[in-house]
>>> print(open('work-v7.cif').read())   # mmCIF, C-alpha atoms
data_structure
#
loop_
_atom_site.label_atom_id
_atom_site.label_comp_id
_atom_site.auth_asym_id
_atom_site.auth_seq_id
_atom_site.Cartn_x
_atom_site.Cartn_y
_atom_site.Cartn_z
CA MET R 1 0.00 0.00 0.00
CA ASN R 2 2.86 2.36 0.76
CA SER R 3 5.57 0.79 -1.39
CA ILE R 4 6.77 2.76 -4.43
CA LEU R 5 8.87 0.99 -7.05
CA LEU R 6 11.95 2.97 -8.08
CA SER R 7 12.96 3.02 -11.72
CA SER R 8 16.49 3.52 -13.01
CA ASP R 9 15.51 6.72 -14.86
CA MET R 10 13.71 8.31 -11.90
CA THR R 11 14.67 11.95 -11.42
CA PHE R 12 14.67 13.76 -8.10
CA ASN R 13 13.33 17.28 -7.75
CA GLU R 14 13.26 19.75 -4.89
CA LEU R 15 10.37 19.29 -2.51
CA TYR R 16 8.47 21.63 -0.27
CA THR R 17 6.43 20.39 2.64
CA THR R 18 3.10 21.62 3.92
CA THR R 19 0.24 20.41 6.02
CA GLY R 20 -3.30 19.61 5.05
CA SER R 21 -6.39 17.55 5.70
CA VAL R 22 -7.27 14.31 3.96
CA VAL R 23 -10.51 14.88 2.07
CA ALA R 24 -10.72 11.69 -0.01
CA CYS R 25 -9.23 8.24 -0.39
CA GLU R 26 -9.45 7.92 -4.15
CA SER R 27 -7.85 4.52 -4.68
CA LYS R 28 -5.42 2.12 -3.10
CA GLY R 29 -2.47 4.24 -1.97
CA ALA R 30 -3.81 7.47 -3.55
CA TYR R 31 -5.30 10.32 -1.49
CA CYS R 32 -6.57 13.84 -1.96
CA VAL R 33 -5.33 16.38 0.58
CA ASP R 34 -6.64 19.91 1.06
CA THR R 35 -3.71 22.27 1.69
CA ALA R 36 -3.25 26.05 1.81
CA GLN R 37 -2.30 25.88 -1.89
CA GLY R 38 -5.46 23.92 -2.75
CA GLU R 39 -6.31 20.26 -3.13
CA VAL R 40 -3.47 18.01 -4.26
CA ALA R 41 -3.37 14.33 -5.20
CA VAL R 42 -0.71 12.48 -3.25
CA SER R 43 0.62 8.96 -2.92
CA LEU R 44 1.32 7.29 0.39
CA ALA R 45 5.00 7.52 1.27
CA ALA R 46 6.82 4.40 2.47
CA SER R 47 7.49 6.13 5.79
CA CYS R 48 3.76 6.47 6.58
CA LEU R 49 2.68 3.14 8.04
CA LEU R 50 -0.43 4.59 9.68
CA MET R 51 -3.23 4.39 7.13
CA PRO R 52 -4.78 7.84 6.54
CA ALA R 53 -8.49 8.42 6.99
CA VAL R 54 -10.73 11.25 5.85
CA GLY R 55 -10.34 14.19 8.23
CA ASP R 56 -6.79 13.35 9.35
CA VAL R 57 -4.31 16.21 9.48
CA CYS R 58 -1.12 15.21 7.68
CA THR R 59 2.20 16.38 6.31
CA VAL R 60 2.71 16.23 2.56
CA ALA R 61 5.71 16.83 0.31
CA ILE R 62 5.21 18.21 -3.22
CA ASP R 63 7.82 18.48 -5.95
CA GLU R 64 8.18 20.96 -8.83
CA ASP R 65 5.96 18.87 -11.11
CA GLY R 66 3.12 18.88 -8.59
CA GLU R 67 3.60 15.25 -7.59
CA GLY R 68 3.08 14.75 -3.90
CA TRP R 69 3.52 12.22 -1.13
CA LEU R 70 1.77 11.91 2.18
CA LEU R 71 4.60 11.66 4.70
CA ALA R 72 2.95 11.32 8.08
CA ILE R 73 -0.30 11.63 10.02
CA LEU R 74 -0.10 14.47 12.53
CA VAL R 75 -3.59 14.36 14.05
CA GLN R 76 -6.17 11.60 13.61
CA ALA R 77 -9.79 12.52 13.06
CA ASP R 78 -10.68 9.45 15.14
CA PRO R 79 -7.82 8.77 17.58
CA SER R 80 -9.66 5.80 19.09
CA GLN R 81 -8.56 3.55 16.22
CA GLY R 82 -5.71 3.27 13.78
CA ILE R 83 -4.35 0.78 11.26
CA LEU R 84 -0.67 0.12 10.62
CA ALA R 85 -0.29 -1.35 7.14
CA HIS R 86 2.43 -2.27 4.68
CA SER R 87 2.05 -3.81 1.24
CA GLY R 88 5.06 -6.14 1.48
CA ALA R 89 6.78 -8.14 4.19
CA LEU R 90 7.35 -6.22 7.42
CA HIS R 91 9.99 -7.07 10.01
CA ILE R 92 9.99 -5.51 13.49
CA ALA R 93 13.24 -5.86 15.40
CA ALA R 94 14.37 -4.59 18.79
CA GLN R 95 17.71 -4.92 20.55
CA GLY R 96 15.94 -5.16 23.89
CA ALA R 97 12.50 -6.39 24.91
CA LEU R 98 9.59 -6.02 22.50
CA HIS R 99 6.36 -5.46 24.40
CA PHE R 100 2.76 -5.44 23.16
CA LYS R 101 0.08 -4.18 25.54
CA GLY R 102 -3.63 -3.66 25.08
CA GLN R 103 -7.03 -4.52 26.46
CA ARG R 104 -7.54 -6.96 23.59
CA ILE R 105 -4.74 -8.32 21.39
CA MET R 106 -5.78 -10.33 18.34
CA SER R 107 -3.47 -12.03 15.85
CA GLU R 108 -4.75 -13.24 12.49
CA ALA R 109 -2.85 -15.04 9.76
CA GLU R 110 -4.43 -16.18 6.50
CA GLU R 111 -1.88 -18.94 5.91
CA GLN R 112 0.59 -19.64 8.73
CA MET R 113 1.57 -18.33 12.15
CA HIS R 114 4.94 -19.36 13.56
CA PHE R 115 6.44 -18.82 17.02
CA SER R 116 10.08 -19.58 17.75
CA ALA R 117 11.75 -18.94 21.11
CA GLY R 118 14.11 -20.54 23.57
CA GLU R 119 11.38 -20.33 26.22
CA VAL R 120 7.67 -19.60 25.94
CA SER R 121 5.50 -18.69 28.95
CA VAL R 122 1.73 -18.21 28.84
CA HIS R 123 -0.20 -16.87 31.84
CA SER R 124 -3.96 -16.61 31.62
CA GLN R 125 -7.03 -16.77 33.85
CA ARG R 126 -8.91 -18.61 31.11
CA MET R 127 -7.83 -20.11 27.81
CA ALA R 128 -9.93 -21.45 24.94
CA MET R 129 -8.54 -23.10 21.83
CA HIS R 130 -10.51 -24.26 18.80
CA THR R 131 -8.72 -26.15 16.05
CA GLU R 132 -9.47 -28.75 13.40
CA GLU R 133 -6.19 -30.57 14.01
CA ALA R 134 -3.48 -30.24 16.66
CA SER R 135 -0.07 -31.89 16.87
CA LEU R 136 2.40 -31.70 19.77
CA SER R 137 5.97 -33.01 19.64
CA ALA R 138 8.01 -32.70 22.80
CA ASN R 139 10.90 -34.53 24.45
CA LYS R 140 9.38 -33.91 27.87
CA THR R 141 5.95 -32.61 28.82
CA GLN R 142 4.85 -31.66 32.32
CA VAL R 143 1.28 -30.60 33.11
CA VAL R 144 0.31 -29.37 36.58
CA THR R 145 -3.37 -28.56 36.98
CA LYS R 146 -6.03 -28.57 39.69
CA VAL R 147 -8.88 -29.38 37.33
CA LEU R 148 -8.49 -30.93 33.89
CA SER R 149 -11.61 -31.37 31.80
CA MET R 150 -11.46 -32.88 28.33
CA VAL R 151 -14.40 -33.56 26.05
CA ALA R 152 -13.58 -35.35 22.79
CA ASP R 153 -15.25 -37.70 20.34
CA LYS R 154 -12.02 -39.62 19.86
CA VAL R 155 -8.64 -39.48 21.61
CA GLU R 156 -5.66 -41.49 20.38
CA HIS R 157 -2.35 -41.65 22.27
CA VAL R 158 0.70 -43.26 20.71
CA VAL R 159 3.60 -43.20 23.19
CA GLU R 160 6.63 -45.34 23.95
CA LEU R 161 6.38 -44.81 27.73
CA TRP R 162 3.60 -43.21 29.73
CA MET R 163 4.02 -42.61 33.47
CA GLN R 164 1.34 -41.08 35.66
CA ARG R 165 1.68 -40.06 39.28
CA LEU R 166 -1.73 -39.04 40.62
CA GLY R 167 -3.09 -38.31 44.07
CA GLU R 168 -6.51 -39.60 43.08
CA SER R 169 -8.02 -40.74 39.80
CA PHE R 170 -11.66 -41.22 38.82
CA ARG R 171 -12.95 -42.50 35.49
CA ILE R 172 -16.61 -42.49 34.51
CA ILE R 173 -17.36 -44.32 31.26
CA LYS R 174 -20.96 -44.49 30.11
CA GLY R 175 -20.37 -46.87 27.23
CA HIS R 176 -17.90 -49.63 26.46
CA ASP R 177 -14.36 -49.70 27.92
CA GLU R 178 -11.75 -52.00 26.41
CA LYS R 179 -8.04 -52.43 27.05
CA GLN R 180 -5.60 -54.37 24.88
CA SER R 181 -1.93 -54.86 25.73
CA GLY R 182 0.96 -57.27 25.28
CA SER R 183 1.15 -57.75 29.03
CA SER R 184 -0.44 -56.04 32.01
CA ARG R 185 0.52 -55.70 35.66
CA GLN R 186 -1.39 -53.95 38.43
CA LEU R 187 -0.01 -53.22 41.91
CA VAL R 188 -2.29 -51.95 44.68
CA GLU R 189 -0.94 -51.19 48.17
CA LYS R 190 -4.28 -51.53 49.98
CA ASP R 191 -7.64 -52.78 48.71
CA ALA R 192 -8.59 -53.59 45.15
CA VAL R 193 -12.33 -53.83 44.59
CA THR R 194 -14.10 -54.89 41.40
CA HIS R 195 -17.87 -54.58 41.38
CA ALA R 196 -20.01 -55.42 38.39
CA LYS R 197 -23.27 -57.08 37.43
CA ASN R 198 -21.39 -59.80 35.59
CA VAL R 199 -17.67 -60.58 35.77
CA ILE R 200 -16.00 -62.93 33.29
CA SER R 201 -12.35 -63.92 33.63
CA SER R 202 -10.80 -66.25 31.07
CA ALA R 203 -7.30 -67.52 30.40
CA GLU R 204 -6.04 -69.62 27.51
CA LYS R 205 -3.41 -71.44 29.59
CA GLN R 206 -3.53 -70.98 33.34
CA MET R 207 -5.03 -68.70 36.00
CA ILE R 208 -3.27 -68.29 39.32
CA MET R 209 -4.82 -66.90 42.50
CA GLU R 210 -2.57 -66.52 45.54
CA ALA R 211 -3.65 -65.19 48.95
CA GLU R 212 -3.67 -66.12 52.65
CA LYS R 213 -7.46 -66.50 52.44
CA ILE R 214 -9.69 -66.88 49.43
CA HIS R 215 -13.49 -66.55 49.86
CA LEU R 216 -15.75 -67.73 47.08
CA GLY R 217 -19.48 -67.35 47.26
#
>>> encode(input="work-v7.cif", output="structure tokens")
Amino acid sequence: MNSILLSSDMTFNELYTTTGSVVACESKGAYCVDTAQGEVAVSLAASCLLMPAVGDVCTVAIDEDGEGWLLAILVQADPSQGILAHSGALHIAAQGALHFKGQRIMSEAEEQMHFSAGEVSVHSQRMAMHTEEASLSANKTQVVTKVLSMVADKVEHVVELWMQRLGESFRIIKGHDEKQSGSSRQLVEKDAVTHAKNVISSAEKQMIMEAEKIHLG
């Protein structure tokens, strides 16, 4: 929007600067500004990243041929909102910390959004995420939460080793629950209780029950 291609035969003339008010946005990157010398048609200079709006007070530069450029916005007609825009790629760099602050901060990308950092910290009272597909690859993941609620039609975990250390764990399954594994081992320090309407235990080779007392019936 504010990029001007330079040609090899471009000539440079003396400029004089003046102020004026934006009266019309004629086309993309072209504006009409009312100055003390009358209305002039100007292009948006590369230095002006704040998009002009009708009624804004601005600085313009005009050359000998009457060609002008809108250099900067001095006073906004509506200071409650503004748009920073650039037609090409834009890179913001800072030697120190780069800080964004606002009541609401929204980021939108039509194709891809990428974050890269040695450390990422997110602090929020409430977080909501909606996505069609999510993928997480990590060498080590640690989650500490008081309440974890997950609602999903299908959840698939493929892991080499999964270790859980929980104070208490409750599972409520309304439908069918099935577990398949190469081998399974369960260790309980105190009581292990299984209660069901029907219990079926089957073994292809042998079943072993060991205890000081065994009550059947």
>>> residues_near_point(input="work-v7.cif", point="(2.2, 22.2, 3.2)", cutoff="7 Å", atoms="only C-alpha atoms", output="PyMOL selection string")
chain R and resi 17-20+35-36+59-60
>>> atom_distance(input="work-v7.cif", atom1="CA of Gln186 in chain R", atom2="CA of Ile208 in chain R")
14.5 Å
>>> resolve_selection(input="work-v7.cif", expression="the PyMOL selection byres ((chain R and resi 69-82) around 8)", output="mmCIF file with C-alpha atoms, in the coordinates of the input")
data_model
loop_
_atom_site.group_PDB
_atom_site.id
_atom_site.type_symbol
_atom_site.label_atom_id
_atom_site.label_comp_id
_atom_site.auth_asym_id
_atom_site.auth_seq_id
_atom_site.Cartn_x
_atom_site.Cartn_y
_atom_site.Cartn_z
ATOM 1 C CA VAL R 42 -0.710 12.480 -3.250
ATOM 2 C CA SER R 43 0.620 8.960 -2.920
ATOM 3 C CA LEU R 44 1.320 7.290 0.390
ATOM 4 C CA ALA R 45 5.000 7.520 1.270
ATOM 5 C CA ALA R 46 6.820 4.400 2.470
ATOM 6 C CA SER R 47 7.490 6.130 5.790
ATOM 7 C CA CYS R 48 3.760 6.470 6.580
ATOM 8 C CA LEU R 50 -0.430 4.590 9.680
ATOM 9 C CA MET R 51 -3.230 4.390 7.130
ATOM 10 C CA PRO R 52 -4.780 7.840 6.540
ATOM 11 C CA ALA R 53 -8.490 8.420 6.990
ATOM 12 C CA VAL R 54 -10.730 11.250 5.850
ATOM 13 C CA GLY R 55 -10.340 14.190 8.230
ATOM 14 C CA ASP R 56 -6.790 13.350 9.350
ATOM 15 C CA VAL R 57 -4.310 16.210 9.480
ATOM 16 C CA CYS R 58 -1.120 15.210 7.680
ATOM 17 C CA THR R 59 2.200 16.380 6.310
ATOM 18 C CA VAL R 60 2.710 16.230 2.560
ATOM 19 C CA ALA R 61 5.710 16.830 0.310
ATOM 20 C CA ILE R 62 5.210 18.210 -3.220
ATOM 21 C CA GLU R 67 3.600 15.250 -7.590
ATOM 22 C CA GLY R 68 3.080 14.750 -3.900
ATOM 23 C CA ILE R 83 -4.350 0.780 11.260
ATOM 24 C CA LEU R 84 -0.670 0.120 10.620
#
>>> atom_distance(input="work-v7.cif", atom1="CA of Lys140 in chain R", atom2="CA of Trp162 in chain R")
11.1 Å
>>> closest_residue(input="work-v7.cif", among="R:Leu49, R:Ala41, R:Leu187, R:Leu15", to="Glu64 in chain R", atoms="only C-alpha atoms")
R:Leu15
>>> axis_aligned_box(input="work-v7.cif", around="range 146-151 of chain R", padding_each_side="5 Å", output="lines of an AutoDock Vina configuration file")
center_x = -10.2
center_y = -31.1
center_z = 32.9
size_x = 18.4
size_y = 15.0
size_z = 23.6
>>> atom_distance(input="work-v7.cif", atom1="CA of Ser137 in chain R", atom2="CA of Ile173 in chain R")
28.4 Å
>>> closest_residue(input="work-v7.cif", among="R:Glu133, R:His99, R:Thr141, R:Glu14", to="Asp63 in chain R", atoms="only C-alpha atoms")
R:Glu14
>>> closest_residue(input="work-v7.cif", among="R:Val122, R:Ala128, R:Leu166, R:Leu161", to="Lys146 in chain R", atoms="all atoms listed in the file")
R:Leu166
>>> decode(input="work-v7.cif", residues="range 93-105 of chain R", atoms="all heavy atoms", output="mmCIF file, in the first residue's frame")
data_model
loop_
_atom_site.group_PDB
_atom_site.id
_atom_site.type_symbol
_atom_site.label_atom_id
_atom_site.label_comp_id
_atom_site.auth_asym_id
_atom_site.auth_seq_id
_atom_site.Cartn_x
_atom_site.Cartn_y
_atom_site.Cartn_z
ATOM 1 N N ALA R 93 12.116 -5.355 14.619
ATOM 2 C CA ALA R 93 13.242 -5.856 15.402
ATOM 3 C C ALA R 93 13.567 -4.874 16.519
ATOM 4 O O ALA R 93 13.432 -3.658 16.363
ATOM 5 C CB ALA R 93 14.466 -6.076 14.512
ATOM 6 N N ALA R 94 13.977 -5.413 17.645
ATOM 7 C CA ALA R 94 14.374 -4.588 18.790
ATOM 8 C C ALA R 94 15.588 -5.229 19.451
ATOM 9 O O ALA R 94 15.659 -6.460 19.571
ATOM 10 C CB ALA R 94 13.230 -4.458 19.790
ATOM 11 N N GLN R 95 16.543 -4.408 19.857
ATOM 12 C CA GLN R 95 17.715 -4.924 20.553
ATOM 13 C C GLN R 95 17.354 -5.420 21.950
ATOM 14 O O GLN R 95 17.918 -6.394 22.431
ATOM 15 C CB GLN R 95 18.789 -3.826 20.647
ATOM 16 C CG GLN R 95 19.362 -3.400 19.312
ATOM 17 C CD GLN R 95 20.148 -4.508 18.639
ATOM 18 O OE1 GLN R 95 20.737 -5.344 19.301
ATOM 19 N NE2 GLN R 95 20.129 -4.503 17.318
ATOM 20 N N GLY R 96 16.394 -4.750 22.570
ATOM 21 C CA GLY R 96 15.944 -5.164 23.895
ATOM 22 C C GLY R 96 14.619 -5.896 23.828
ATOM 23 O O GLY R 96 14.322 -6.608 22.862
ATOM 24 N N ALA R 97 13.799 -5.715 24.849
ATOM 25 C CA ALA R 97 12.502 -6.388 24.911
ATOM 26 C C ALA R 97 11.519 -5.715 23.959
ATOM 27 O O ALA R 97 11.548 -4.500 23.759
ATOM 28 C CB ALA R 97 11.966 -6.357 26.341
ATOM 29 N N LEU R 98 10.661 -6.514 23.366
ATOM 30 C CA LEU R 98 9.593 -6.025 22.498
ATOM 31 C C LEU R 98 8.280 -6.342 23.188
ATOM 32 O O LEU R 98 7.950 -7.506 23.408
ATOM 33 C CB LEU R 98 9.664 -6.686 21.122
ATOM 34 C CG LEU R 98 8.670 -6.200 20.062
ATOM 35 C CD1 LEU R 98 8.891 -4.721 19.776
ATOM 36 C CD2 LEU R 98 8.805 -7.013 18.786
ATOM 37 N N HIS R 99 7.522 -5.303 23.534
ATOM 38 C CA HIS R 99 6.360 -5.460 24.402
ATOM 39 C C HIS R 99 5.102 -4.981 23.685
ATOM 40 O O HIS R 99 5.081 -3.895 23.106
ATOM 41 C CB HIS R 99 6.573 -4.650 25.690
ATOM 42 C CG HIS R 99 5.475 -4.805 26.698
ATOM 43 N ND1 HIS R 99 5.272 -5.957 27.417
ATOM 44 C CD2 HIS R 99 4.513 -3.948 27.104
ATOM 45 C CE1 HIS R 99 4.233 -5.801 28.218
ATOM 46 N NE2 HIS R 99 3.757 -4.590 28.044
ATOM 47 N N PHE R 100 4.066 -5.816 23.685
ATOM 48 C CA PHE R 100 2.757 -5.437 23.161
ATOM 49 C C PHE R 100 1.777 -5.400 24.326
ATOM 50 O O PHE R 100 1.702 -6.354 25.108
ATOM 51 C CB PHE R 100 2.272 -6.445 22.112
ATOM 52 C CG PHE R 100 3.109 -6.476 20.874
ATOM 53 C CD1 PHE R 100 4.117 -7.406 20.732
ATOM 54 C CD2 PHE R 100 2.898 -5.567 19.843
ATOM 55 C CE1 PHE R 100 4.895 -7.454 19.589
ATOM 56 C CE2 PHE R 100 3.676 -5.596 18.701
ATOM 57 C CZ PHE R 100 4.681 -6.538 18.578
ATOM 58 N N LYS R 101 1.012 -4.317 24.432
ATOM 59 C CA LYS R 101 0.084 -4.176 25.541
ATOM 60 C C LYS R 101 -1.219 -3.595 25.038
ATOM 61 O O LYS R 101 -1.228 -2.650 24.252
ATOM 62 C CB LYS R 101 0.673 -3.284 26.638
ATOM 63 C CG LYS R 101 -0.208 -3.168 27.881
ATOM 64 C CD LYS R 101 0.456 -2.309 28.961
ATOM 65 C CE LYS R 101 -0.425 -2.211 30.200
ATOM 66 N NZ LYS R 101 0.201 -1.370 31.253
ATOM 67 N N GLY R 102 -2.320 -4.160 25.469
ATOM 68 C CA GLY R 102 -3.629 -3.663 25.077
ATOM 69 C C GLY R 102 -4.720 -4.406 25.823
ATOM 70 O O GLY R 102 -4.487 -5.464 26.420
ATOM 71 N N GLN R 103 -5.912 -3.840 25.830
ATOM 72 C CA GLN R 103 -7.033 -4.516 26.464
ATOM 73 C C GLN R 103 -7.385 -5.803 25.728
ATOM 74 O O GLN R 103 -7.718 -6.814 26.335
ATOM 75 C CB GLN R 103 -8.250 -3.584 26.518
ATOM 76 C CG GLN R 103 -8.072 -2.399 27.453
ATOM 77 C CD GLN R 103 -9.328 -1.547 27.553
ATOM 78 O OE1 GLN R 103 -10.273 -1.740 26.799
ATOM 79 N NE2 GLN R 103 -9.327 -0.604 28.478
ATOM 80 N N ARG R 104 -7.306 -5.775 24.404
ATOM 81 C CA ARG R 104 -7.539 -6.963 23.588
ATOM 82 C C ARG R 104 -6.469 -7.018 22.505
ATOM 83 O O ARG R 104 -6.271 -6.047 21.776
ATOM 84 C CB ARG R 104 -8.927 -6.936 22.954
ATOM 85 C CG ARG R 104 -10.073 -6.948 23.938
ATOM 86 C CD ARG R 104 -11.418 -6.905 23.214
ATOM 87 N NE ARG R 104 -11.590 -8.082 22.374
ATOM 88 C CZ ARG R 104 -12.566 -8.201 21.472
ATOM 89 N NH1 ARG R 104 -13.415 -7.196 21.274
ATOM 90 N NH2 ARG R 104 -12.674 -9.300 20.760
ATOM 91 N N ILE R 105 -5.760 -8.131 22.409
ATOM 92 C CA ILE R 105 -4.737 -8.318 21.393
ATOM 93 C C ILE R 105 -5.154 -9.508 20.540
ATOM 94 O O ILE R 105 -5.331 -10.617 21.053
ATOM 95 C CB ILE R 105 -3.347 -8.551 22.014
ATOM 96 C CG1 ILE R 105 -2.928 -7.321 22.829
ATOM 97 C CG2 ILE R 105 -2.314 -8.842 20.936
ATOM 98 C CD1 ILE R 105 -1.597 -7.467 23.521
#
